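K.L.:
Sharing run.csv here; it has CSV, C-alpha atoms.
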chain,number,residue,atom,x,y,z
A,22,MET,CA,62.5,-37.4,65.2
A,23,ASN,CA,66.1,-36.3,66.0
A,24,ASP,CA,64.8,-34.6,69.1
A,25,LEU,CA,63.7,-37.9,70.5
A,26,PHE,CA,67.3,-39.1,70.5
A,27,SER,CA,68.8,-35.9,71.6
A,28,LEU,CA,70.8,-35.8,74.9
A,29,GLU,CA,71.5,-32.1,74.7
A,30,GLY,CA,72.2,-30.8,78.2
A,31,LYS,CA,72.2,-34.2,79.8
A,32,VAL,CA,75.0,-35.7,82.0
A,33,ALA,CA,75.9,-39.3,81.5
A,34,LEU,CA,78.1,-41.5,83.7
A,35,VAL,CA,79.5,-44.6,82.1
A,36,THR,CA,81.4,-47.2,84.1
A,37,GLY,CA,84.0,-49.2,82.1
A,38,GLY,CA,84.0,-46.2,79.8
A,39,SER,CA,87.6,-46.2,78.8
A,40,ARG,CA,87.4,-49.0,76.2
A,41,GLY,CA,85.2,-51.5,74.4
A,42,LEU,CA,81.5,-51.1,74.5
A,43,GLY,CA,81.7,-48.4,77.2
A,44,ARG,CA,83.9,-46.2,75.1
A,45,ARG,CA,81.5,-46.5,72.2
A,46,MET,CA,78.6,-45.5,74.4
A,47,VAL,CA,80.6,-42.5,75.9
A,48,LEU,CA,81.3,-41.1,72.4
A,49,ALA,CA,77.8,-41.8,71.1
A,50,PHE,CA,76.3,-39.9,74.1
A,51,ALA,CA,78.7,-37.0,73.6
A,52,ALA,CA,77.8,-36.9,69.9
A,53,ALA,CA,74.1,-36.7,70.9
A,54,GLY,CA,74.8,-33.7,73.1
A,55,ALA,CA,75.6,-35.2,76.6
A,56,HIS,CA,78.4,-34.3,78.9
A,57,VAL,CA,80.1,-37.4,80.2
A,58,ILE,CA,81.7,-38.8,83.3
A,59,VAL,CA,84.2,-41.5,82.1
A,60,THR,CA,85.2,-44.0,84.7
A,61,SER,CA,87.2,-47.2,84.9
A,62,ARG,CA,90.0,-48.6,87.1
A,63,LYS,CA,92.6,-46.9,84.9
A,64,ALA,CA,92.4,-43.2,85.3
A,65,GLU,CA,94.8,-42.4,82.6
A,66,ALA,CA,92.8,-44.4,80.0
A,67,CYS,CA,89.7,-42.4,81.2
A,68,LYS,CA,91.5,-39.2,80.6
A,69,GLU,CA,92.3,-40.2,77.0
A,70,VAL,CA,88.6,-40.9,76.3
A,71,ALA,CA,87.6,-37.6,78.1
A,72,LYS,CA,89.8,-35.8,75.5
A,73,GLU,CA,87.8,-37.4,72.8
A,74,VAL,CA,84.6,-36.2,74.4
A,75,GLU,CA,85.9,-32.7,74.7
A,76,ALA,CA,87.0,-32.7,71.0
A,77,LEU,CA,83.2,-33.2,70.3
A,78,GLY,CA,82.5,-30.0,72.2
A,79,ARG,CA,81.2,-31.5,75.4
A,80,ARG,CA,82.5,-31.4,78.9
A,81,ALA,CA,84.0,-34.5,80.4
A,82,LEU,CA,85.2,-35.8,83.7
A,83,ALA,CA,87.6,-38.7,84.1
A,84,VAL,CA,87.5,-40.6,87.3
A,85,GLY,CA,89.5,-43.7,88.3
A,86,CYS,CA,87.2,-46.1,90.2
A,87,HIS,CA,87.1,-49.7,91.2
A,88,VAL,CA,83.3,-50.4,91.0
A,89,GLY,CA,83.6,-53.4,93.3
A,90,LYS,CA,84.6,-51.1,96.2
A,91,TRP,CA,81.8,-48.9,97.7
A,92,ASP,CA,84.2,-46.3,99.0
A,93,ASP,CA,85.4,-45.8,95.4
A,94,ILE,CA,81.8,-45.6,94.2
A,95,ASP,CA,80.9,-43.0,96.8
A,96,ALA,CA,83.9,-40.9,95.8
A,97,LEU,CA,82.9,-41.2,92.2
A,98,VAL,CA,79.3,-40.1,92.9
A,99,ASP,CA,80.6,-37.1,94.9
A,100,ALA,CA,82.9,-36.1,92.1
A,101,ALA,CA,80.2,-36.4,89.5
A,102,TYR,CA,77.7,-34.3,91.4
A,103,GLY,CA,80.4,-31.9,92.5
A,104,GLU,CA,81.4,-31.2,88.8
A,105,PHE,CA,78.0,-31.3,87.1
A,106,GLY,CA,75.4,-31.1,89.9
A,107,LYS,CA,73.4,-34.0,88.4
A,108,VAL,CA,73.5,-37.3,86.6
A,109,ASP,CA,70.7,-37.9,84.1
A,110,ILE,CA,72.0,-41.2,82.6
A,111,LEU,CA,73.8,-44.0,84.4
A,112,VAL,CA,75.3,-46.9,82.5
A,113,ASN,CA,76.5,-49.8,84.6
A,114,ASN,CA,78.8,-51.3,81.9
A,115,ALA,CA,82.0,-52.3,83.8
A,116,GLY,CA,82.3,-56.1,84.2
A,117,MET,CA,84.7,-59.0,84.3
A,118,SER,CA,84.3,-62.6,83.2
A,119,PRO,CA,87.4,-64.7,84.0
A,120,LEU,CA,87.3,-68.3,83.1
A,121,ALA,CA,87.5,-70.7,86.1
A,122,PRO,CA,89.2,-74.1,85.9
A,123,SER,CA,86.0,-75.6,87.2
A,124,SER,CA,83.3,-74.8,89.8
A,125,ALA,CA,85.1,-76.9,92.4
A,126,GLU,CA,88.3,-75.1,91.7
A,127,THR,CA,86.9,-71.6,91.8
A,128,SER,CA,88.6,-69.7,94.6
A,129,GLU,CA,86.8,-67.5,97.1
A,130,GLU,CA,88.9,-64.6,95.9
A,131,LEU,CA,87.9,-65.1,92.3
A,132,PHE,CA,84.2,-65.5,93.2
A,133,ASP,CA,84.3,-62.3,95.3
A,134,LYS,CA,86.0,-60.3,92.5
A,135,VAL,CA,83.5,-61.3,89.9
A,136,VAL,CA,80.4,-60.7,92.1
A,137,ASP,CA,81.8,-57.4,93.4
A,138,VAL,CA,82.3,-55.9,89.9
A,139,ASN,CA,79.2,-57.4,88.2
A,140,PHE,CA,76.6,-57.1,90.9
A,141,LYS,CA,77.7,-55.4,94.1
A,142,GLY,CA,79.0,-52.3,92.4
A,143,PRO,CA,76.0,-51.8,90.1
A,144,PHE,CA,73.7,-52.2,93.1
A,145,ARG,CA,75.5,-49.4,94.9
A,146,LEU,CA,75.6,-47.1,91.9
A,147,CYS,CA,71.9,-47.7,91.2
A,148,ALA,CA,71.1,-47.0,94.8
A,149,GLN,CA,73.2,-43.8,95.1
A,150,ILE,CA,72.4,-42.2,91.8
A,151,GLY,CA,68.9,-43.7,91.3
A,152,GLN,CA,67.7,-42.1,94.6
A,153,ARG,CA,69.1,-38.7,93.6
A,154,MET,CA,67.4,-39.1,90.2
A,155,ALA,CA,64.1,-40.0,91.9
A,156,ASP,CA,64.4,-37.0,94.3
A,157,GLY,CA,65.2,-34.7,91.3
A,158,ALA,CA,64.2,-34.5,87.7
A,159,GLY,CA,64.4,-38.2,87.0
A,160,GLY,CA,66.7,-40.1,84.7
A,161,SER,CA,67.6,-43.3,82.9
A,162,ILE,CA,69.7,-46.2,84.2
A,163,ILE,CA,71.1,-48.8,81.8
A,164,ASN,CA,72.5,-52.1,83.2
A,165,VAL,CA,74.7,-53.8,80.7
A,166,SER,CA,74.3,-57.5,81.3
A,167,SER,CA,75.2,-60.6,79.3
A,168,SER,CA,73.8,-63.5,77.4
A,169,GLY,CA,75.7,-65.5,80.0
A,170,ALA,CA,72.9,-64.7,82.4
A,171,ILE,CA,70.2,-66.4,80.3
A,172,MET,CA,72.4,-69.0,78.6
A,173,PRO,CA,74.8,-69.9,81.3
A,174,GLN,CA,77.8,-72.2,80.7
A,175,PRO,CA,80.0,-74.2,83.0
A,176,LYS,CA,83.2,-72.5,84.3
A,177,PHE,CA,81.3,-69.1,84.3
A,178,GLY,CA,79.1,-69.8,87.3
A,179,PRO,CA,79.9,-66.7,89.4
A,180,TYR,CA,79.7,-64.4,86.3
A,181,SER,CA,76.4,-65.9,85.1
A,182,GLY,CA,74.9,-65.7,88.5
A,183,ALA,CA,76.1,-62.1,89.1
A,184,LYS,CA,74.7,-61.0,85.7
A,185,ALA,CA,71.4,-62.8,86.4
A,186,GLY,CA,71.3,-60.9,89.7
A,187,LEU,CA,71.9,-57.7,87.7
A,188,ASN,CA,68.9,-58.5,85.6
A,189,ALA,CA,66.9,-58.8,88.7
A,190,LEU,CA,68.2,-55.5,90.0
A,191,THR,CA,66.8,-53.8,86.9
A,192,HIS,CA,63.2,-54.8,88.1
A,193,VAL,CA,64.0,-53.8,91.7
A,194,PHE,CA,65.1,-50.3,90.9
A,195,ALA,CA,62.5,-49.8,88.1
A,196,ARG,CA,59.8,-50.2,90.7
A,197,GLU,CA,61.6,-48.5,93.6
A,198,TYR,CA,62.3,-45.3,91.7
A,199,ALA,CA,59.3,-45.2,89.4
A,200,PRO,CA,57.9,-43.3,87.7
A,201,LYS,CA,60.6,-40.7,87.3
A,202,VAL,CA,63.5,-43.1,86.8
A,203,ARG,CA,63.5,-45.7,84.0
A,204,VAL,CA,65.8,-48.7,84.5
A,205,ASN,CA,66.5,-51.2,81.7
A,206,THR,CA,68.9,-53.9,80.8
A,207,ILE,CA,71.0,-54.5,77.6
A,208,SER,CA,71.8,-58.2,77.4
A,209,ALA,CA,75.0,-58.1,75.3
A,210,GLY,CA,76.2,-61.0,73.3
A,211,PRO,CA,79.7,-61.5,71.9
A,212,PHE,CA,81.3,-58.3,70.6
A,213,LEU,CA,84.7,-57.8,69.0
A,214,THR,CA,86.1,-55.7,71.7
A,215,ASP,CA,89.7,-55.9,73.1
A,216,ILE,CA,88.8,-59.0,75.1
A,217,SER,CA,88.0,-60.9,71.9
A,218,LYS,CA,91.6,-60.8,70.8
A,219,ALA,CA,92.1,-63.7,73.1
A,220,TRP,CA,89.4,-65.7,71.5
A,221,PRO,CA,90.0,-68.6,69.0
A,222,GLU,CA,89.8,-67.3,65.4
A,223,GLU,CA,86.6,-69.4,64.8
A,224,ALA,CA,84.9,-67.5,67.6
A,225,ARG,CA,85.9,-64.2,66.1
A,226,GLN,CA,84.4,-65.2,62.8
A,227,SER,CA,81.1,-66.9,63.7
A,228,THR,CA,78.6,-67.5,66.5
A,229,ARG,CA,75.7,-69.9,67.1
A,230,SER,CA,73.2,-67.2,66.4
A,231,SER,CA,70.8,-65.9,63.7
A,232,ALA,CA,73.3,-63.2,62.7
A,233,GLY,CA,76.0,-65.9,62.5
A,234,ARG,CA,78.7,-63.5,63.7
A,235,PRO,CA,80.0,-61.5,66.7
A,236,GLY,CA,78.9,-57.9,66.9
A,237,ASP,CA,80.9,-54.9,66.1
A,238,PRO,CA,81.2,-52.6,69.1
A,239,SER,CA,79.4,-49.8,67.1
A,240,GLU,CA,76.3,-52.0,67.0
A,241,ILE,CA,75.7,-51.4,70.8
A,242,VAL,CA,75.2,-47.7,70.2
A,243,THR,CA,71.7,-47.5,68.9
A,244,THR,CA,70.2,-49.5,71.7
A,245,ALA,CA,72.1,-47.5,74.3
A,246,LEU,CA,70.9,-44.2,72.7
A,247,TYR,CA,67.4,-45.4,72.6
A,248,LEU,CA,67.4,-46.3,76.3
A,249,ALA,CA,69.2,-43.2,77.4
A,250,SER,CA,67.0,-40.8,75.4
A,251,PRO,CA,63.3,-39.6,75.5
A,252,ALA,CA,62.7,-42.1,72.6
A,253,SER,CA,62.2,-44.8,75.3
A,254,SER,CA,59.9,-42.8,77.6
A,255,TYR,CA,57.6,-45.8,78.0
A,256,THR,CA,60.3,-48.4,78.3
A,257,THR,CA,61.3,-49.5,81.7
A,258,ALA,CA,62.1,-52.8,83.6
A,259,SER,CA,62.9,-54.2,80.1
A,260,LEU,CA,65.6,-56.5,78.9
A,261,ILE,CA,66.8,-56.0,75.4
A,262,ARG,CA,68.9,-58.6,73.8
A,263,VAL,CA,71.7,-57.3,71.6
A,264,ASP,CA,73.3,-60.6,70.8
A,265,GLY,CA,72.6,-61.4,67.1
A,266,GLY,CA,69.9,-63.9,68.1
A,267,LEU,CA,72.0,-66.3,70.1
A,268,TYR,CA,70.5,-69.8,70.5
Show me, as structure tokens, the structure contained in the file I just sent.

P.N.:
Amino acid sequence: MNDLFSLEGKVALVTGGSRGLGRRMVLAFAAAGAHVIVTSRKAEACKEVAKEVEALGRRALAVGCHVGKWDDIDALVDAAYGEFGKVDILVNNAGMSPLAPSSAETSEELFDKVVDVNFKGPFRLCAQIGQRMADGAGGSIINVSSSGAIMPQPKFGPYSGAKAGLNALTHVFAREYAPKVRVNTISAGPFLTDISKAWPEEARQSTRSSAGRPGDPSEIVTTALYLASPASSYTTASLIRVDGGLY
């Protein structure tokens, strides 16, 4: 059974990997045997997480990258393949969800930033790395989306729309790069990551969900390991909700 979840000898690239859910996935992949490329906008923060990966006996590469900029993404891909020669697992985890005053007051600059990070960047990474996976030994792509895509709220229009678009991309690339590349979505609900420190105390204690509470970041790990590993060999083009049963 352990072999099904083994990532021994695999190479994983995780965007937004320096903190929150991304960091948890990075460390879980390393513990399962993978070498990891850790990337986020803050290169120094990536280096700190890379040290944690190396402490687990795995190789790590820290790369600063703004995933909303295709030149940055292309440089990231070049660095990853230059260092490891392959990427077996891609996790599009980086995202941003700023609150707008209203839809009418949403600026073009804010709209573009949100769409660039949550949709444009993942599209480019899926295209660049997914094609290489399809041309090679295959791989797994995990798009980290949000409950906001399926339960959208006012003032989050660009974010909800971008994440809904990301959900659609999962189907696009699952078909385009089949059968060697599996592409799936984790639809994440509220988790007690760094961003939750700005939430009202009530939101940190309870949610309108079957679980009745926000998730601990460690609770993303099992789903991520399942989708990254051979355990999910017949799972592709799927959306898995990890949100405590929001309603």

K.L.:
Near Ala100 (chain A), within 12 Å and counting only C-alpha atoms, which residues show up once chain neighbours fewer than 2 positions away are dropped, as a list in words?

P.N.:
Leu34, Ile58, Val59, Thr60, Ala81, Leu82, Ala83, Val84, Gly85, Cys86, Asp93, Ile94, Asp95, Ala96, Leu97, Val98, Tyr102, Gly103, Glu104, Phe105, Gly106, Lys107 and Val108 of chain A

K.L.:
To one decimal in Å, tell me the separation between CA of Leu48 (chain A) and CA of Glu73 (chain A).

P.N.:
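CA of Glu73 (chain A) lies 7.5 Å from CA of Leu48 (chain A).
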
K.L.:
Can you measure CA of Ala258 (chain A) to CA of Leu190 (chain A) for me? One decimal in Å is fine.

P.N.:
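Spanning CA of Ala258 (chain A) to CA of Leu190 (chain A) is a straight-line distance of 9.2 Å.
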
K.L.:
Residues near region 213-226 of chain A, anyone? I mean within 8 Å using only C-alpha atoms, not counting same-chain ones fewer than 4 positions away, as a PDB file with C-alpha atoms, in the frame of the given file.

P.N.:
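Output below, filename selection32.pdb:
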ATOM      1  CA  ARG A  40      87.400 -49.000  76.200  1.00  0.00           C
ATOM      2  CA  GLY A  41      85.200 -51.500  74.400  1.00  0.00           C
ATOM      3  CA  LEU A  42      81.500 -51.100  74.500  1.00  0.00           C
ATOM      4  CA  ARG A 234      78.700 -63.500  63.700  1.00  0.00           C
ATOM      5  CA  PRO A 235      80.000 -61.500  66.700  1.00  0.00           C
ATOM      6  CA  GLY A 236      78.900 -57.900  66.900  1.00  0.00           C
ATOM      7  CA  ASP A 237      80.900 -54.900  66.100  1.00  0.00           C
ATOM      8  CA  PRO A 238      81.200 -52.600  69.100  1.00  0.00           C
TER       9      PRO A 238
END

K.L.:
Tell me which of A:Gly37, A:Gly78, A:Gly169, A:Gly30 sits closest to Ala55 (chain A), counting all atoms listed in the file.

P.N.:
A:Gly30

K.L.:
Would you be able to write out as a ChimeraX atom specification which residues have an atom within 8 Å of (77.7, -48.5, 83.7) in the file's coordinates, counting all atoms listed in the file?

P.N.:
/A:34-38,43,111-115,143,163-165

K.L.:
Include C-alpha atoms and write out the residues we just selected as a tab-separated table (two decimals), in the frame of the given file.

P.N.:
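Result saved to part_20.tsv:
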chain	number	residue	atom	x	y	z
A	34	LEU	CA	78.10	-41.50	83.70
A	35	VAL	CA	79.50	-44.60	82.10
A	36	THR	CA	81.40	-47.20	84.10
A	37	GLY	CA	84.00	-49.20	82.10
A	38	GLY	CA	84.00	-46.20	79.80
A	43	GLY	CA	81.70	-48.40	77.20
A	111	LEU	CA	73.80	-44.00	84.40
A	112	VAL	CA	75.30	-46.90	82.50
A	113	ASN	CA	76.50	-49.80	84.60
A	114	ASN	CA	78.80	-51.30	81.90
A	115	ALA	CA	82.00	-52.30	83.80
A	143	PRO	CA	76.00	-51.80	90.10
A	163	ILE	CA	71.10	-48.80	81.80
A	164	ASN	CA	72.50	-52.10	83.20
A	165	VAL	CA	74.70	-53.80	80.70
